[in-house]
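Trainee: Below is coords-v6.pdb; it holds PDB, C-alpha atoms.
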```
ATOM      1  CA  MET A 139     -15.642  -4.815  16.811
ATOM      2  CA  LEU A 140     -16.239  -2.356  19.607
ATOM      3  CA  SER A 141     -18.823  -3.200  22.201
ATOM      4  CA  VAL A 142     -21.744  -0.867  22.806
ATOM      5  CA  SER A 143     -20.772  -0.240  26.445
ATOM      6  CA  PHE A 144     -17.255   0.794  25.409
ATOM      7  CA  VAL A 145     -18.613   3.129  22.762
ATOM      8  CA  SER A 146     -21.127   4.714  25.127
ATOM      9  CA  SER A 147     -18.499   5.185  27.848
ATOM     10  CA  ARG A 148     -16.187   6.757  25.264
ATOM     11  CA  LEU A 149     -18.952   9.135  24.184
ATOM     12  CA  ILE A 150     -19.577  10.167  27.789
ATOM     13  CA  PHE A 151     -15.860  10.818  28.275
ATOM     14  CA  LEU A 152     -15.744  12.963  25.154
ATOM     15  CA  PHE A 153     -18.813  14.895  26.263
ATOM     16  CA  VAL A 154     -17.331  15.601  29.694
ATOM     17  CA  THR A 155     -14.031  16.723  28.189
ATOM     18  CA  LEU A 156     -15.871  19.069  25.838
ATOM     19  CA  LEU A 157     -17.792  20.600  28.731
ATOM     20  CA  SER A 158     -14.722  21.028  30.863
ATOM     21  CA  ALA A 159     -12.742  22.679  28.041
ATOM     22  CA  GLY A 160     -13.222  26.152  29.504
ATOM     23  CA  ARG A 161     -17.020  26.304  29.569
ATOM     24  CA  GLY A 162     -18.838  27.116  32.767
ATOM     25  CA  MET A 163     -15.869  26.523  35.024
ATOM     26  CA  LYS A 164     -14.855  29.059  37.644
ATOM     27  CA  GLY A 165     -11.775  30.930  36.637
ATOM     28  CA  GLY A 166     -12.084  29.551  33.130
ATOM     29  CA  LYS A 167     -10.606  31.599  30.393
ATOM     30  CA  GLY A 168     -11.899  32.114  26.892
ATOM     31  CA  LYS A 169     -11.228  29.423  24.318
ATOM     32  CA  SER A 170      -7.851  29.511  22.802
ATOM     33  CA  SER A 171      -7.151  28.317  19.297
ATOM     34  CA  LEU A 172      -5.565  25.198  20.781
ATOM     35  CA  SER A 173      -8.710  24.211  22.694
ATOM     36  CA  LYS A 174     -10.814  24.863  19.568
ATOM     37  CA  GLN A 175      -8.641  22.456  17.616
ATOM     38  CA  ALA A 176      -8.913  19.872  20.379
ATOM     39  CA  GLU A 177     -12.688  20.270  20.378
ATOM     40  CA  GLU A 178     -12.844  19.798  16.606
ATOM     41  CA  THR A 179     -10.765  16.612  16.753
ATOM     42  CA  ASN A 180     -12.932  15.312  19.598
ATOM     43  CA  LEU A 181     -16.057  15.973  17.532
ATOM     44  CA  LYS A 182     -14.542  14.121  14.581
ATOM     45  CA  LYS A 183     -13.731  11.144  16.800
ATOM     46  CA  LYS A 184     -17.241  11.212  18.221
ATOM     47  CA  LYS A 185     -18.750  11.193  14.719
ATOM     48  CA  GLN A 186     -16.552   8.240  13.709
ATOM     49  CA  ILE A 187     -17.589   6.261  16.790
ATOM     50  CA  VAL A 188     -21.268   7.017  16.220
ATOM     51  CA  SER A 189     -21.031   6.017  12.549
ATOM     52  CA  LYS A 190     -19.345   2.724  13.496
ATOM     53  CA  GLU A 191     -22.089   2.079  16.043
ATOM     54  CA  SER A 192     -24.847   2.756  13.510
ATOM     55  CA  LYS A 193     -23.213   0.436  10.983
ATOM     56  CA  ALA A 194     -23.157  -2.360  13.548
ATOM     57  CA  LYS A 195     -26.899  -2.041  14.177
ATOM     58  CA  LYS A 196     -27.966  -2.461  10.543
ATOM     59  CA  PRO A 197     -30.126  -5.524  10.001
ATOM     60  CA  ILE A 198     -28.619  -8.325   7.963
ATOM     61  CA  ALA A 199     -31.492  -8.428   5.493
ATOM     62  CA  SER A 200     -30.873  -4.883   4.278
ATOM     63  CA  ARG A 201     -27.257  -5.507   3.262
ATOM     64  CA  GLY A 202     -28.079  -6.702  -0.215
ATOM     65  CA  LYS A 203     -30.949  -7.519  -2.458
ATOM     66  CA  LYS A 204     -31.667 -11.187  -2.949
ATOM     67  CA  GLU A 205     -32.253 -12.522  -6.388
ATOM     68  CA  LYS A 206     -35.670 -14.003  -6.929
ATOM     69  CA  LYS A 207     -35.685 -17.777  -7.167
ATOM     70  CA  ASP A 208     -36.542 -19.328 -10.478
ATOM     71  CA  PRO A 209     -39.683 -21.433 -10.014
ATOM     72  CA  ASN A 210     -38.569 -23.755 -12.837
ATOM     73  CA  LYS A 211     -35.286 -24.642 -11.124
ATOM     74  CA  PRO A 212     -35.295 -28.209  -9.749
ATOM     75  CA  LYS A 213     -35.432 -28.624  -5.980
ATOM     76  CA  ARG A 214     -32.375 -30.034  -4.248
ATOM     77  CA  PRO A 215     -32.559 -33.716  -3.331
ATOM     78  CA  PRO A 216     -33.290 -34.778   0.254
ATOM     79  CA  THR A 217     -30.614 -36.242   2.506
ATOM     80  CA  PRO A 218     -30.983 -39.832   3.739
ATOM     81  CA  PHE A 219     -32.361 -38.520   7.044
ATOM     82  CA  PHE A 220     -35.172 -36.645   5.303
ATOM     83  CA  VAL A 221     -36.011 -39.700   3.200
ATOM     84  CA  PHE A 222     -36.259 -41.636   6.479
ATOM     85  CA  LEU A 223     -38.302 -38.838   8.063
ATOM     86  CA  GLU A 224     -40.916 -39.001   5.273
ATOM     87  CA  GLU A 225     -41.671 -42.628   6.154
ATOM     88  CA  PHE A 226     -41.252 -42.138   9.907
ATOM     89  CA  ARG A 227     -43.699 -39.226   9.944
ATOM     90  CA  LYS A 228     -46.470 -41.441   8.532
ATOM     91  CA  THR A 229     -45.963 -44.156  11.136
ATOM     92  CA  PHE A 230     -45.521 -41.673  14.005
ATOM     93  CA  VAL A 231     -48.750 -39.819  13.202
ATOM     94  CA  ALA A 232     -50.618 -43.138  12.911
ATOM     95  CA  GLU A 233     -49.322 -44.295  16.306
ATOM     96  CA  ASN A 234     -49.684 -40.862  18.015
ATOM     97  CA  PRO A 235     -52.705 -39.055  16.557
ATOM     98  CA  HIS A 236     -52.907 -36.687  19.528
ATOM     99  CA  VAL A 237     -49.436 -35.187  18.842
ATOM    100  CA  LYS A 238     -49.819 -32.289  16.406
ATOM    101  CA  ALA A 239     -46.505 -30.471  16.941
ATOM    102  CA  VAL A 240     -44.101 -30.683  14.032
ATOM    103  CA  ALA A 241     -41.171 -30.279  16.414
ATOM    104  CA  ALA A 242     -42.237 -33.401  18.351
ATOM    105  CA  VAL A 243     -42.271 -35.462  15.152
ATOM    106  CA  GLY A 244     -38.839 -34.136  14.169
ATOM    107  CA  LYS A 245     -37.392 -34.790  17.599
ATOM    108  CA  ALA A 246     -38.744 -38.340  17.720
ATOM    109  CA  GLY A 247     -37.473 -38.944  14.167
ATOM    110  CA  GLY A 248     -34.016 -37.653  15.072
ATOM    111  CA  ASP A 249     -33.853 -39.871  18.136
ATOM    112  CA  LYS A 250     -34.910 -42.903  16.093
ATOM    113  CA  TRP A 251     -32.391 -42.077  13.330
ATOM    114  CA  LYS A 252     -29.560 -41.950  15.882
ATOM    115  CA  THR A 253     -30.426 -45.430  17.134
ATOM    116  CA  LEU A 254     -30.430 -46.985  13.637
ATOM    117  CA  SER A 255     -27.371 -48.935  12.546
ATOM    118  CA  ASP A 256     -25.659 -48.381   9.197
ATOM    119  CA  ALA A 257     -27.353 -51.494   7.806
ATOM    120  CA  GLU A 258     -30.767 -50.120   8.788
ATOM    121  CA  LYS A 259     -29.916 -46.744   7.244
ATOM    122  CA  ALA A 260     -28.732 -48.310   3.952
ATOM    123  CA  PRO A 261     -32.138 -48.306   2.150
ATOM    124  CA  TYR A 262     -32.616 -44.613   2.930
ATOM    125  CA  VAL A 263     -29.109 -43.815   1.717
ATOM    126  CA  ALA A 264     -29.802 -45.712  -1.511
ATOM    127  CA  LYS A 265     -33.076 -43.807  -2.075
ATOM    128  CA  ALA A 266     -31.333 -40.508  -1.388
ATOM    129  CA  ASN A 267     -28.563 -41.352  -3.856
ATOM    130  CA  ALA A 268     -31.144 -42.237  -6.519
ATOM    131  CA  LYS A 269     -32.892 -38.907  -5.947
ATOM    132  CA  LYS A 270     -29.519 -37.143  -6.127
ATOM    133  CA  VAL A 271     -28.757 -38.712  -9.526
ATOM    134  CA  GLU A 272     -32.205 -37.698 -10.748
ATOM    135  CA  TYR A 273     -31.608 -34.151  -9.476
ATOM    136  CA  GLU A 274     -28.249 -33.920 -11.253
ATOM    137  CA  LYS A 275     -29.870 -34.969 -14.546
ATOM    138  CA  SER A 276     -32.632 -32.419 -14.187
ATOM    139  CA  MET A 277     -30.079 -29.706 -13.253
ATOM    140  CA  LYS A 278     -28.046 -30.462 -16.396
ATOM    141  CA  ALA A 279     -31.192 -30.118 -18.478
ATOM    142  CA  TYR A 280     -32.144 -26.928 -16.636
ATOM    143  CA  SER A 281     -28.705 -25.337 -17.033
ATOM    144  CA  ALA A 282     -28.604 -26.300 -20.739
ATOM    145  CA  LYS A 283     -32.003 -24.652 -21.164
ATOM    146  CA  GLN A 284     -30.767 -21.536 -19.331
ATOM    147  CA  ASP A 285     -27.615 -21.393 -21.481
ATOM    148  CA  LYS A 286     -29.648 -21.747 -24.655
ATOM    149  CA  ALA A 287     -31.999 -18.983 -23.562
ATOM    150  CA  SER A 288     -29.093 -16.638 -22.757
ATOM    151  CA  ASP A 289     -27.403 -17.462 -26.092
ATOM    152  CA  ASP A 290     -30.625 -16.687 -27.962
ATOM    153  CA  ALA A 291     -30.939 -13.388 -26.127
ATOM    154  CA  GLU A 292     -27.334 -12.470 -26.985
ATOM    155  CA  GLU A 293     -27.824 -13.395 -30.655
ATOM    156  CA  GLY A 294     -30.962 -11.274 -30.794
ATOM    157  CA  SER A 295     -29.133  -8.259 -29.367
ATOM    158  CA  ASP A 296     -26.198  -8.826 -31.779
ATOM    159  CA  ALA A 297     -28.573  -8.913 -34.727
ATOM    160  CA  ASN A 298     -30.198  -5.662 -33.579
ATOM    161  CA  GLU A 299     -26.794  -3.972 -33.292
ATOM    162  CA  GLU A 300     -25.765  -5.141 -36.789
ATOM    163  CA  SER A 301     -28.991  -3.867 -38.355
ATOM    164  CA  GLU A 302     -28.517  -0.504 -36.614
ATOM    165  CA  GLU A 303     -24.951  -0.266 -37.971
ATOM    166  CA  GLU A 304     -26.161  -1.055 -41.498
ATOM    167  CA  GLU A 305     -28.788   1.694 -41.242
ATOM    168  CA  GLU A 306     -26.118   4.202 -40.145
ATOM    169  CA  ASP A 307     -23.902   3.162 -43.076
ATOM    170  CA  ASP A 308     -26.763   3.787 -45.518
ATOM    171  CA  ASP A 309     -27.122   7.359 -44.303
TER     172      ASP A 309
END
```
Render the structure in this file as structure tokens.
Mentor:
Amino acid sequence: MLSVSFVSSRLIFLFVTLLSAGRGMKGGKGKSSLSKQAEETNLKKKKQIVSKESKAKKPIASRGKKEKKDPNKPKRPPTPFFVFLEEFRKTFVAENPHVKAVAAVGKAGGDKWKTLSDAEKAPYVAKANAKKVEYEKSMKAYSAKQDKASDDAEEGSDANEESEEEEEDDD
């Protein structure tokens, strides 16, 4: 990808070359067909550079429309760290009632999590795995419900098409 400084310096160069192509210079002659062609190609190049620059400045959010989330879809299960953080947050707030910043709680929880051994992390891993199994069950039920709903919608549209065909045959 071209940098902005390169593009702007290229545009300045093109502008200067267009100005010096026989305009306003002492002893300059009228434009020949060759200089007109050169000017046209320079303008085309300039337009291409400007279009590339404008494409680079587009915000990421406007690239595509996001699908709306289904409120009935089950939430993803927490990782072992977040299971630990739920419990740690309660104890941290009880011990430090003056600290209100969420970032401070997260930072202290992360530091504590790093110091825990695998044996100390085991109960949180087990809870996270149990929540993951529960999530997978609820996702299977959710996807089965979604499939059933889409099948019903397809059957309804098929029935409508068949009835329309029968009506056309009667005519």
Trainee: Enumerate, as a ChimeraX atom specification, the residues matched when the PyMOL selection byres ((chain A and resi 215) around 7) is run on the file above.
Mentor: /A:213-214,216-217,269-270,273
Trainee: Let me make sure I understand: among A:Asn234, A:Glu205, A:Asn210, A:Ile150, which one has the smallest atom-to-atom distance to Lys184 of chain A if we use all atoms listed in the file?
Mentor: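 Among the listed residues, A:Ile150 lies closest to Lys184 of chain A.
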Trainee: Can you work out the spacing between atom CA of Lys245 of chain A and atom CA of Pro218 of chain A in Å, to one decimal?
Mentor: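 Distance reported for this atom pair: 16.1 Å.
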Trainee: Quick one: residues within 8 Å of segment 222-230 of chain A, only C-alpha atoms counted, chain neighbours fewer than 5 positions away excluded, as a PyMOL selection string?
Mentor: chain A and resi 243-244+247+251+262
